[in-house]
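Visitor: So that we are looking at the same thing, I have put the structure below in structure tokens.
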Protein chains: 4
Amino acid sequence: MNVRLSGVFPPIPTPFTPAGEIAHQQLRENLERWNGFELSGYVVLGSNGEAAYLSESEKLRVLETARQAIPPDKLLIAGTGCESTRQTIALTKQAAELGATVALVVTPHFFAGKMTPASLTAHFQAVADAAPIPVLIYNVPKFTHVDIDAPTIATLAQHPNIVGIKDSGGNVAKLADVLRQADPDFQYLAGSAGFFLAALTLGAVGGVLALANVAPQQAIDIYRLSGAGQLEPAVELQRRMVPVNDAVTARFGIAGLKGALDILGFYGGPVRAPLLDLTDDEREMLQEILKGGGIL
Amino acid sequence: MNVRLSGVFPPIPTPFTPAGEIAHQQLRENLERWNGFELSGYVVLGSNGEAAYLSESEKLRVLETARQAIPPDKLLIAGTGCESTRQTIALTKQAAELGATVALVVTPHFFAGKMTPASLTAHFQAVADAAPIPVLIYNVPKFTHVDIDAPTIATLAQHPNIVGIKDSGGNVAKLADVLRQADPDFQYLAGSAGFFLAALTLGAVGGVLALANVAPQQAIDIYRLSGAGQLEPAVELQRRMVPVNDAVTARFGIAGLKGALDILGFYGGPVRAPLLDLTDDEREMLQEILKGGGIL
Amino acid sequence: MNVRLSGVFPPIPTPFTPAGEIAHQQLRENLERWNGFELSGYVVLGSNGEAAYLSESEKLRVLETARQAIPPDKLLIAGTGCESTRQTIALTKQAAELGATVALVVTPHFFAGKMTPASLTAHFQAVADAAPIPVLIYNVPKFTHVDIDAPTIATLAQHPNIVGIKDSGGNVAKLADVLRQADPDFQYLAGSAGFFLAALTLGAVGGVLALANVAPQQAIDIYRLSGAGQLEPAVELQRRMVPVNDAVTARFGIAGLKGALDILGFYGGPVRAPLLDLTDDEREMLQEILKGGGIL
Amino acid sequence: MNVRLSGVFPPIPTPFTPAGEIAHQQLRENLERWNGFELSGYVVLGSNGEAAYLSESEKLRVLETARQAIPPDKLLIAGTGCESTRQTIALTKQAAELGATVALVVTPHFFAGKMTPASLTAHFQAVADAAPIPVLIYNVPKFTHVDIDAPTIATLAQHPNIVGIKDSGGNVAKLADVLRQADPDFQYLAGSAGFFLAALTLGAVGGVLALANVAPQQAIDIYRLSGAGQLEPAVELQRRMVPVNDAVTARFGIAGLKGALDILGFYGGPVRAPLLDLTDDEREMLQEILKGGGIL
């Protein structure tokens, strides 16, 4: 199966109404606005989508809405990874039926100590065998405490239905090692804007960047400048985005991402408990950071 | 609400058929056999129950079956903790309707970095407010990478519907600190046999012990000897159980627990992928360990 | 070699003058005061002795002074562990010449990833072969990020010149496992007051407790009550000491330990940079904690 | 003070005779051979120099020998960081007297939990105030478990005698953040070949690379190609070096680095205990890796 994962993909948040239900209309409107940028597609139901906080049926309804609002020429990468292999397969099939283009499958992690190369290999191969759509491995040690290693990735890269990896670990030495060992058509996506330019330089084809939700043009510009060999302005832009990226990821988390969307005229809305919404002080700090980055 | 959590509770595994479906009949038979011991009750849908690998509807059917097989005088502690507060409340209510006596609520953990004292406090208080049955906090840093601290526990202990904590962390200094700060009726349950006797000595009322699945009498004996002030034989027994406990927890995981049950004439059966069943070599090692501990 | 390590040993801090030089006279006076308690001896040049901040020659002069002030019937356990085997052997020999009774040898740790069972075994055996005095293994994962495992300890326990372990890890399951596997005369010392009573219950012979510097009588009382089977008052005392112990260890570190000594009429004095002395606010909090624990 | 840290610096190992003494003659000969490459200088007494295993006097003698063998136009960067501020100052002064050009000062780390921004700032400022030569901060979380943060680095960058940082952490997002916040003349050196090219792309001026001991020309080529904007061959070379770099760092450690030097005709020699020399099997694997990387 052949799918090109080049370019920039925002992992979109799932908007909720003040009462905590999924805000389908606002999801649609956000997507329509993002559609105005030359993004290659979207990750729906990723970590930033609070997928961990959605019921099985909510996940499917979010995918339906998203598919309607995403033009056919843009990819819909659906987060379908669950803890068990069978649940992951089931959700992947349902997502494919609803029009998802690619399945983003996170490493299982509750029993992190048992997620050995052998168990991870068996898991991803079984999912890829059963999946009607291409599989993208999702490695995010910050949340999973599992860090799939380069030889295991290289083995999985041989599977015809495993097309790449979204790696949020930020280990660029590993990126170089993966691309050295893997098939030449295996696609590496940077999982955070913090090392996006570095990853592109070393051979990544694109990025799944929380930053791209709030600064889509800047993320696309880093991608284009890098592709055009214009490293100097790319480095300048990458540096300028560091505090913005930090604010919508590690520092303020999803509440920060949603808060920034609210400030920028998208619909951010509340996070689901146990996450906490931004305090007023945090919202002001965030506003300053967005101004400092030239986004606001 | 007043519920006594004294004594020994095995966190039972969820049996699966060779085809991977829930083996309700075998679950019943296992429980009938355990009912012959003076266990105070059972934890159903805990970590050892592979709850992370069950769908929402499977969880409810397991509870139904378990409730039928558990005599009314024994507690059914149901694992109802989910990542989001609303899912946790919903599942807790359903579990209560199905006859669960106590809800075991794990600390949410996917966004571990955001699980601050404030967010954990809000989560457990909201769940306890809504729960029709008493809530038992479940702290298991090995799996969650979240370690709820003593002051937060002490705050939660003031809630009339939060009756205690199952702590698998093994930090006995923290245990002493929790019991110093908390209300006198707050109940501490050791979450692993490795520090069961130490915890009892310091004021724990009982234990939720994977070991109690395979060595229920030995676990009960440690509890009784400790209560009777007979420390010497208790220490001897505790020491003898160390390798057995290690085999059915950290070393071989749930596959080890299920393998040991198979060896001992219970129904263990397969684990769900991505977990891997024991190899033949591991099964032999396990057999030796059970013999060494005087269980086989 | 036969040395009894039963009882309570404070790991004494090294006092410095305001100018940062070793305060030999104050070291003597502190020891004279501690000599009034039924402590079994002292650890000199341990972590709390800021050994990491002393030059080679300073270490020897501290040992000299300490030896003069410590009565012959009390043990002088000297911290002689260095990163390299040869340095450790050299310092152990010098310490023995200066009258140290036992050498406390920390696990090397700078290259923690290479401190395998094989390299640790070789290290401790070489040191024990060469040491003119008995060797006590010192395991303190909090500082070293190395946690020597039970089988390795059991192997080392067979060496006639390795008499025990001071374990500050607080893992009482491991303690039970070590005592199960090791020779019956292998002596386990709890390395922190937080799990002192639990450790004694499970077979530890004593403790090296920072708390014993500031609350020697209370530490001795826990030891005695436990030995006499009077668990209830022992538990009560252990609980009461938790915040005091926390204040002079994890919370305020060595600055807290020295600050508490100053408050109690010993000589604490300044810590060496890069450690920072207590702020005024911290000193007040400490005073309250000492009062709360009934020490002041 | 103005010193240019551009280019490639190998952190050289300290050679020992089979009897374990410092092999001064072999140190000289190694340096003479490295002098044939366009390296910008050397790091002496770094982590790879087994500085943790050298006595105070051995360190000075190694510096003396190195200074004699290093031409005046190449920098001698001396590892002078100790745990205490006073020891670090003393050793830095001695190193300067022996002709060291720059002092490489590792973050103190034994009491890692107390190494706060405040204590690290005070430490480096005190050292920089007292040092007769420029100070280079050395951040190596893998060994120290301390990771100095970007704002602290930016603060330290304002000190006229702190000229840069050698960061082995591999966090390129942090690199971008440091260079965004710090003075424009603050120099960033990559501390490992694994992310050397990525770091250069983002603004690093050079690298201190264990790899440069065994593959000096390849390391220099990556630096030059990057500087000339020839990213494609640079990426190819960077990828090819990944397994070689891994072999002489994380995988086989200093024993691997010394083993590789032996294979390549330098003098590697034994490591000091508790490190273990390579087994025969490991040496063969290493040989294959060197061949695979085109070094042998």
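Letters A, B, ... go to the chains of the structure tokens in the order shown; residues in each chain start at 1; ligands are counted from 1 in the same order.
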Only residues of chain B matter here; which ones have an atom within 7 Å of chain A, counting only C-alpha atoms? Give them as a PDB file with N, CA and C atoms, in the first residue's frame.
Guide:
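The file below, result_9.pdb, is the result:
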```pdb
ATOM      1  N   ALA B  52      -7.284  -3.690  31.292  1.00  0.00           N
ATOM      2  CA  ALA B  52      -6.878  -2.807  30.187  1.00  0.00           C
ATOM      3  C   ALA B  52      -7.175  -3.428  28.833  1.00  0.00           C
ATOM      4  N   TYR B  53      -7.397  -4.734  28.818  1.00  0.00           N
ATOM      5  CA  TYR B  53      -7.594  -5.441  27.548  1.00  0.00           C
ATOM      6  C   TYR B  53      -9.056  -5.831  27.318  1.00  0.00           C
ATOM      7  N   GLU B  83      -9.471   6.405  32.490  1.00  0.00           N
ATOM      8  CA  GLU B  83      -8.649   7.598  32.369  1.00  0.00           C
ATOM      9  C   GLU B  83      -9.438   8.874  32.673  1.00  0.00           C
ATOM     10  N   SER B  84     -10.689   8.947  32.259  1.00  0.00           N
ATOM     11  CA  SER B  84     -11.437  10.185  32.489  1.00  0.00           C
ATOM     12  C   SER B  84     -12.353  10.035  33.701  1.00  0.00           C
ATOM     13  N   THR B  85     -12.637  11.148  34.306  1.00  0.00           N
ATOM     14  CA  THR B  85     -13.514  11.161  35.469  1.00  0.00           C
ATOM     15  C   THR B  85     -14.909  10.670  35.085  1.00  0.00           C
ATOM     16  N   PHE B 110      -2.490   8.499  31.831  1.00  0.00           N
ATOM     17  CA  PHE B 110      -1.929   8.672  30.486  1.00  0.00           C
ATOM     18  C   PHE B 110      -1.165   9.989  30.414  1.00  0.00           C
ATOM     19  N   PHE B 111      -1.747  11.048  30.953  1.00  0.00           N
ATOM     20  CA  PHE B 111      -1.044  12.328  31.014  1.00  0.00           C
ATOM     21  C   PHE B 111      -0.424  12.472  32.403  1.00  0.00           C
ATOM     22  N   LYS B 114       0.502  15.672  34.169  1.00  0.00           N
ATOM     23  CA  LYS B 114      -0.552  16.598  34.589  1.00  0.00           C
ATOM     24  C   LYS B 114      -1.353  16.040  35.769  1.00  0.00           C
ATOM     25  N   SER B 119      -5.328  17.863  40.432  1.00  0.00           N
ATOM     26  CA  SER B 119      -6.188  17.126  39.494  1.00  0.00           C
ATOM     27  C   SER B 119      -6.573  15.772  40.072  1.00  0.00           C
ATOM     28  N   LEU B 120      -5.676  15.137  40.818  1.00  0.00           N
ATOM     29  CA  LEU B 120      -6.024  13.852  41.432  1.00  0.00           C
ATOM     30  C   LEU B 120      -7.084  14.043  42.518  1.00  0.00           C
ATOM     31  N   HIS B 123     -10.404  14.579  40.860  1.00  0.00           N
ATOM     32  CA  HIS B 123     -10.877  13.335  40.246  1.00  0.00           C
ATOM     33  C   HIS B 123     -11.491  12.411  41.289  1.00  0.00           C
ATOM     34  N   PHE B 143       2.914   0.585  37.078  1.00  0.00           N
ATOM     35  CA  PHE B 143       2.168   0.614  35.818  1.00  0.00           C
ATOM     36  C   PHE B 143       1.781   2.024  35.390  1.00  0.00           C
ATOM     37  N   ARG B 272      -4.128 -12.250  26.870  1.00  0.00           N
ATOM     38  CA  ARG B 272      -4.470 -11.578  25.617  1.00  0.00           C
ATOM     39  C   ARG B 272      -3.244 -10.878  25.064  1.00  0.00           C
ATOM     40  N   ALA B 273      -3.110 -10.920  23.742  1.00  0.00           N
ATOM     41  CA  ALA B 273      -2.038 -10.170  23.083  1.00  0.00           C
ATOM     42  C   ALA B 273      -2.280  -8.678  23.296  1.00  0.00           C
ATOM     43  N   PRO B 274      -1.216  -7.889  23.435  1.00  0.00           N
ATOM     44  CA  PRO B 274       0.182  -8.183  23.131  1.00  0.00           C
ATOM     45  C   PRO B 274       0.936  -8.929  24.223  1.00  0.00           C
ATOM     46  N   LEU B 275       0.351  -9.253  25.345  1.00  0.00           N
ATOM     47  CA  LEU B 275       1.055 -10.098  26.304  1.00  0.00           C
ATOM     48  C   LEU B 275       1.334 -11.441  25.638  1.00  0.00           C
ATOM     49  N   LEU B 276       2.395 -12.069  26.061  1.00  0.00           N
ATOM     50  CA  LEU B 276       2.792 -13.367  25.495  1.00  0.00           C
ATOM     51  C   LEU B 276       2.650 -14.447  26.557  1.00  0.00           C
TER      52      LEU B 276
END
```
Visitor: Would you kindly return, as a ChimeraX atom specification, each protein, DNA or RNA residue with an atom no farther than 12 Å from any atom of D:Ala150, considering only C-alpha atoms and excluding same-chain residues fewer than 5 positions away?
Guide: /A:242-243 /D:117,121,139,155-157,165,167,171-182
Visitor: Check stretch 5-111 of chain C with DSSP on the backbone and list each residue it calls strand (DSSP E), as a PyMOL selection string.
Guide: chain C and resi 7-9+41-44+75-79+102-106
Visitor: Suppose you want the space between atom CA of B:Ile295 and atom CA of B:Asn213; what is it in Å?
Guide: 11.6 Å
Visitor: Need the shell around A:Gly7: protein/DNA/RNA residues with any atom at most 8 Å away, counting only C-alpha atoms. Skip same-chain ones fewer than 2 positions apart. Format as an mmCIF file with N, CA, C and O atoms, in the first residue's frame?
Guide:
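File written: selection13.cif
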```
data_model
loop_
_atom_site.group_PDB
_atom_site.id
_atom_site.type_symbol
_atom_site.label_atom_id
_atom_site.label_comp_id
_atom_site.auth_asym_id
_atom_site.auth_seq_id
_atom_site.Cartn_x
_atom_site.Cartn_y
_atom_site.Cartn_z
ATOM 1 N N LEU A 5 3.227 10.408 3.259
ATOM 2 C CA LEU A 5 2.989 11.084 4.535
ATOM 3 C C LEU A 5 3.780 12.384 4.651
ATOM 4 O O LEU A 5 4.014 12.877 5.754
ATOM 5 N N PHE A 9 1.038 17.660 9.608
ATOM 6 C CA PHE A 9 -0.244 17.158 10.079
ATOM 7 C C PHE A 9 -0.497 17.644 11.502
ATOM 8 O O PHE A 9 0.244 17.252 12.415
ATOM 9 N N LEU A 39 -1.935 22.093 4.713
ATOM 10 C CA LEU A 39 -1.619 20.938 5.553
ATOM 11 C C LEU A 39 -1.864 19.669 4.738
ATOM 12 O O LEU A 39 -2.752 19.625 3.880
ATOM 13 N N SER A 40 -1.090 18.625 5.019
ATOM 14 C CA SER A 40 -1.240 17.378 4.257
ATOM 15 C C SER A 40 -2.393 16.524 4.786
ATOM 16 O O SER A 40 -2.775 15.556 4.140
ATOM 17 N N VAL A 205 10.077 12.759 6.620
ATOM 18 C CA VAL A 205 9.284 13.270 5.498
ATOM 19 C C VAL A 205 8.274 14.332 5.937
ATOM 20 O O VAL A 205 7.673 15.001 5.099
ATOM 21 N N GLY A 206 8.074 14.446 7.231
ATOM 22 C CA GLY A 206 7.097 15.415 7.701
ATOM 23 C C GLY A 206 6.970 15.388 9.196
ATOM 24 O O GLY A 206 7.852 14.853 9.893
ATOM 25 N N GLY A 207 5.871 15.962 9.677
ATOM 26 C CA GLY A 207 5.705 16.027 11.120
ATOM 27 C C GLY A 207 4.250 16.042 11.539
ATOM 28 O O GLY A 207 3.389 16.587 10.835
ATOM 29 N N ILE A 220 4.271 24.844 8.312
ATOM 30 C CA ILE A 220 4.436 24.575 6.875
ATOM 31 C C ILE A 220 5.672 25.293 6.347
ATOM 32 O O ILE A 220 6.431 24.743 5.537
ATOM 33 N N TYR A 223 8.792 23.426 7.076
ATOM 34 C CA TYR A 223 8.868 22.290 6.157
ATOM 35 C C TYR A 223 9.358 22.738 4.769
ATOM 36 O O TYR A 223 10.264 22.126 4.193
#
```
Visitor: What's around D:Asn30 at 10 Å? Count only C-alpha atoms, leave out sequence neighbours fewer than 5 positions away in its own chain, and write the answer as a PyMOL selection string.
Guide: chain D and resi 12-13+15+24-25+35+66+69+213+261+265-268
Visitor: Any idea what the distance is between atom CA of C:Leu225 and atom CA of B:Val8?
Guide: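 So the answer is 27.6 Å.
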Visitor: Mind checking DSSP for stretch 38-208 of chain C and telling me the alpha helix (DSSP H) residues as a PyMOL selection string?
Guide: chain C and resi 56-69+85-97+117-130+141-144+150-157+172-181+196-202
